[in-house]
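Remarks on the structure that follows.
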Amino acid sequence: MKFESLYRHFLLTKATHLPVISDEGELLGLLSKDRVHRELSDLGREREELDEIPLEILETELHENLILYFKESTLIPVIGLDGEKKDNWDKPRFLAAFSKLDSVNNRDPKLEEIESKLEKKKENADSVQWFMELILSHFPDGLLATDVGGSTVFYNETFENDILTKSLFRDSLQLAEKYLHNLNREVLATYLKDHDLTLGKDADTSVLHTNITDLRANLRIITLKKEKKVVGFLYHFSPSSFANPSGAGNSEFPNMDEAFVSKLPLETVLEEMEAHYIHKSLKRNSNNISHTATELGVPRTTLQNRIRFLKLAERFQNEAKVKTVIPRKRSEKPAEKPKKNTEKRETPPSKKAKTIQKPVKSAKQAIKGKKQSPKPVQARKKAKKRR
């Protein structure tokens, strides 16, 4: 490419300046007709082949002649760095590209500092967001966040492993979304009913509490707002004291305050109280069912049925990891019985043989005596006949 090829563009238009754009279509500057004339008038200079238009010869100021050009023509030809025509711009597009070029050239250093600070803040915000997601994913309680429609936005590993796998949800996120969305409405309706269907100053629906007996967990429903606009809900599943009873403390019953706050059914509370009471009695009696039944004043079979019905082994499995066999009697003498049996089995066989042989000998002697008795009778008869 030579300057002669650039001059031909000015022969086809009345414009004194032509926009020069990059390969991306951004304005780099204006090529002046006078500058091309000066380059061509320098006859003593040897002109080499150019790969592209030098950026040094481009102008970045807007001339009046160029504005007057748009009064006569609606479009201005645009050339690229290779010297070829690329497009035709109208006045609005040209002014928009030139204003952008002007703002880049006349950039205030303070603006650069501000932009650099904003970029750093953005990087810090991204790192904080990443760290917050890491914390939430490893939070010990189950967390599930949804939008207003109930669609899942976020859930952590605890919810996925411990909550979603329960029989209530059957490892299905869609079932969990539907169930929690309906539960949210029911809890809100119950709250409004308790507060006479009003949302006054005393009413606070930002955090609602309930209990899910099937999951044996307490649930907090937190309303997520942004600029006083509800954008979603956060469901916080915390383990209930009913789910993991510690068995410690002065009281043998579950926390009644938690039961009232969670609004548990009466049957659930009674079952928990009965389970704790029987469990405490079994521990006092070393897991002896007979003695526990005597202490509680119930038949032994009734106690066994209640233990199976309340599933005490599952409720208190954290306390006794190894299953122990519950003895039926207090004394440990039955454990010595096998020793006596073994002693009897170990008795020498010679004694038994003697006791068996004695009656056998007597029987033989009796038989011999019977056989020998008729011999003297026969001898007497023979003697009489001889006489």
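Identifiers in this document derive from the order of the structure tokens: chains are assigned A, B, ..., residues are numbered from 1 separately in each chain, and ligands are numbered from 1 in order of occurrence.
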Item to check | Shell around Lys311 in chain A at 12 Å using only C-alpha atoms, local window under 6 positions removed, as a ChimeraX atom specification | outcome: /A:271-272,274-276,278-279,304-305,317
Put those residues in a file: C-alpha atoms, as a tab-separated table (two decimals), in the first residue's frame.
```
chain	number	residue	atom	x	y	z
A	271	GLU	CA	-44.37	-40.33	72.85
A	272	GLU	CA	-41.15	-38.41	73.48
A	274	GLU	CA	-42.73	-41.75	77.50
A	275	ALA	CA	-39.62	-42.78	75.54
A	276	HIS	CA	-37.33	-40.65	77.74
A	278	ILE	CA	-38.64	-45.58	79.99
A	279	HIS	CA	-35.07	-45.03	78.79
A	304	GLN	CA	-41.65	-54.88	75.89
A	305	ASN	CA	-44.41	-53.82	73.50
A	317	GLN	CA	-28.54	-45.20	69.39
```
Checklist entry - Near Lys178 in chain A, within 12 Å and counting only C-alpha atoms, which residues show up once chain neighbours fewer than 6 positions away are dropped, as a ChimeraX atom specification? => result /A:146,149-152,168-169,172,184-185
Item to check | One-decimal distance in Å that lies between CA of Phe309 in chain A and CA of Leu164 in chain A | outcome: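 Going from CA of Leu164 in chain A over to CA of Phe309 in chain A covers 25.9 Å.
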Item to check | Among the residues A:Arg220, A:Lys117, A:His209, A:Arg35, the one that comes closest to Leu144 in chain A [using only C-alpha atoms] | outcome: A:Arg220
Checklist entry - Rounded to one decimal in Å, what is the spacing between CA of Gly80 in chain A and CA of Thr13 in chain A? => result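 Separating CA of Gly80 in chain A from CA of Thr13 in chain A is a distance of 16.3 Å.
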Item to check | Surrounding residues of Val153 in chain A excluding itself and chain neighbours under 3 positions, 12 Å, only C-alpha atoms, as number ranges by chain | outcome: A: 143-150, 156, 173, 177, 231-235
Item to check | Residue list (strand (DSSP E or B), DSSP) for range 84-223 of chain A, as a PyMOL selection string | outcome: chain A and resi 85-90+142-147+152-155+207-212+217-223
Checklist entry - Residues at most 8 Å from range 57-65 of chain A, counting only C-alpha atoms, excluding those fewer than 5 positions away in the same chain, as a list in words? => result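 Counting only the stated atoms, we get Ala15, Thr16, Leu28, Gly29, Leu30, Leu31, Ser32, Arg35, Leu101 and Asp102 of chain A.
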Any chance you can output those residues with C-alpha atoms as a PDB file, in the first residue's frame?
```pdb
ATOM      1  CA  ALA A  15     -14.738  15.205   2.640  1.00  0.00           C
ATOM      2  CA  THR A  16     -11.497  16.748   3.875  1.00  0.00           C
ATOM      3  CA  LEU A  28      -8.575   5.303  15.550  1.00  0.00           C
ATOM      4  CA  GLY A  29      -8.393   8.798  14.086  1.00  0.00           C
ATOM      5  CA  LEU A  30      -8.991  10.966  11.013  1.00  0.00           C
ATOM      6  CA  LEU A  31      -6.904  10.867   7.843  1.00  0.00           C
ATOM      7  CA  SER A  32      -6.467  14.429   6.504  1.00  0.00           C
ATOM      8  CA  ARG A  35      -1.465  15.340   5.082  1.00  0.00           C
ATOM      9  CA  LEU A 101     -12.261   8.433  20.858  1.00  0.00           C
ATOM     10  CA  ASP A 102     -12.097  11.883  22.426  1.00  0.00           C
TER      11      ASP A 102
END
```
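CA of Ser206 in chain A lies 23.5 Å from CA of Thr158 in chain A.
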Checklist entry - In terms of the shortest atom-to-atom distance over only C-alpha atoms, which of A:Met132, A:Leu296, A:Met1, A:Ile76 is closest to His17 in chain A? => result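 For His17 in chain A, the nearest of the given residues is A:Ile76.
Of the listed residues (A:Asp51, A:Ser22, A:Asp204, A:Ser281), A:Ser281 comes nearest to Glu295 in chain A; the distances count only C-alpha atoms.
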Next on the checklist: Please list as an NGL selection string every residue within 10 Å of His291 in chain A, counting only C-alpha atoms and excluding residues in the same chain fewer than 3 positions away.
Outcome noted: :A and (281-282 or 284-288 or 294-297 or 300 or 328-330)
Take the residues from that selection and write them out as a PDB file, in the first residue's frame, keeping N, CA and C atoms.
```
ATOM      1  N   SER A 281     -35.445 -45.171  83.149  1.00  0.00           N
ATOM      2  CA  SER A 281     -35.687 -46.283  84.066  1.00  0.00           C
ATOM      3  C   SER A 281     -34.854 -47.503  83.697  1.00  0.00           C
ATOM      4  N   LEU A 282     -34.726 -47.777  82.395  1.00  0.00           N
ATOM      5  CA  LEU A 282     -33.888 -48.895  81.964  1.00  0.00           C
ATOM      6  C   LEU A 282     -32.430 -48.683  82.363  1.00  0.00           C
ATOM      7  N   ARG A 284     -31.357 -46.980  84.931  1.00  0.00           N
ATOM      8  CA  ARG A 284     -31.230 -47.140  86.380  1.00  0.00           C
ATOM      9  C   ARG A 284     -31.217 -48.617  86.776  1.00  0.00           C
ATOM     10  N   ASN A 285     -31.902 -49.463  85.976  1.00  0.00           N
ATOM     11  CA  ASN A 285     -31.995 -50.882  86.291  1.00  0.00           C
ATOM     12  C   ASN A 285     -31.079 -51.734  85.423  1.00  0.00           C
ATOM     13  N   SER A 286     -30.045 -51.124  84.850  1.00  0.00           N
ATOM     14  CA  SER A 286     -29.049 -51.854  84.044  1.00  0.00           C
ATOM     15  C   SER A 286     -29.712 -52.619  82.898  1.00  0.00           C
ATOM     16  N   ASN A 287     -30.723 -52.000  82.280  1.00  0.00           N
ATOM     17  CA  ASN A 287     -31.420 -52.569  81.122  1.00  0.00           C
ATOM     18  C   ASN A 287     -32.136 -53.886  81.447  1.00  0.00           C
ATOM     19  N   ASN A 288     -32.516 -54.042  82.686  1.00  0.00           N
ATOM     20  CA  ASN A 288     -33.267 -55.227  83.090  1.00  0.00           C
ATOM     21  C   ASN A 288     -34.750 -54.934  82.925  1.00  0.00           C
ATOM     22  N   THR A 294     -41.308 -53.566  87.025  1.00  0.00           N
ATOM     23  CA  THR A 294     -41.730 -53.443  88.432  1.00  0.00           C
ATOM     24  C   THR A 294     -41.656 -52.001  88.897  1.00  0.00           C
ATOM     25  N   GLU A 295     -40.589 -51.305  88.515  1.00  0.00           N
ATOM     26  CA  GLU A 295     -40.445 -49.899  88.914  1.00  0.00           C
ATOM     27  C   GLU A 295     -41.515 -49.016  88.302  1.00  0.00           C
ATOM     28  N   LEU A 296     -41.844 -49.260  87.022  1.00  0.00           N
ATOM     29  CA  LEU A 296     -42.845 -48.433  86.334  1.00  0.00           C
ATOM     30  C   LEU A 296     -44.271 -48.865  86.659  1.00  0.00           C
ATOM     31  N   GLY A 297     -44.433 -50.038  87.241  1.00  0.00           N
ATOM     32  CA  GLY A 297     -45.765 -50.501  87.605  1.00  0.00           C
ATOM     33  C   GLY A 297     -46.591 -50.985  86.433  1.00  0.00           C
ATOM     34  N   ARG A 300     -44.680 -56.905  82.369  1.00  0.00           N
ATOM     35  CA  ARG A 300     -43.446 -57.044  81.600  1.00  0.00           C
ATOM     36  C   ARG A 300     -43.711 -57.063  80.101  1.00  0.00           C
ATOM     37  N   ARG A 328     -32.867 -60.965  81.583  1.00  0.00           N
ATOM     38  CA  ARG A 328     -34.231 -61.084  82.073  1.00  0.00           C
ATOM     39  C   ARG A 328     -34.308 -61.257  83.585  1.00  0.00           C
ATOM     40  N   LYS A 329     -33.207 -61.723  84.227  1.00  0.00           N
ATOM     41  CA  LYS A 329     -33.219 -61.930  85.659  1.00  0.00           C
ATOM     42  C   LYS A 329     -32.066 -61.172  86.283  1.00  0.00           C
ATOM     43  N   ARG A 330     -32.258 -60.879  87.580  1.00  0.00           N
ATOM     44  CA  ARG A 330     -31.236 -60.103  88.270  1.00  0.00           C
ATOM     45  C   ARG A 330     -29.977 -60.935  88.520  1.00  0.00           C
TER      46      ARG A 330
END
```
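Comparing the minimum interatomic distances between Ser73 in chain A and each of A:His236, A:Arg93, A:Lys100, A:Lys14, counting only C-alpha atoms, we find that A:Lys14 sits nearest.
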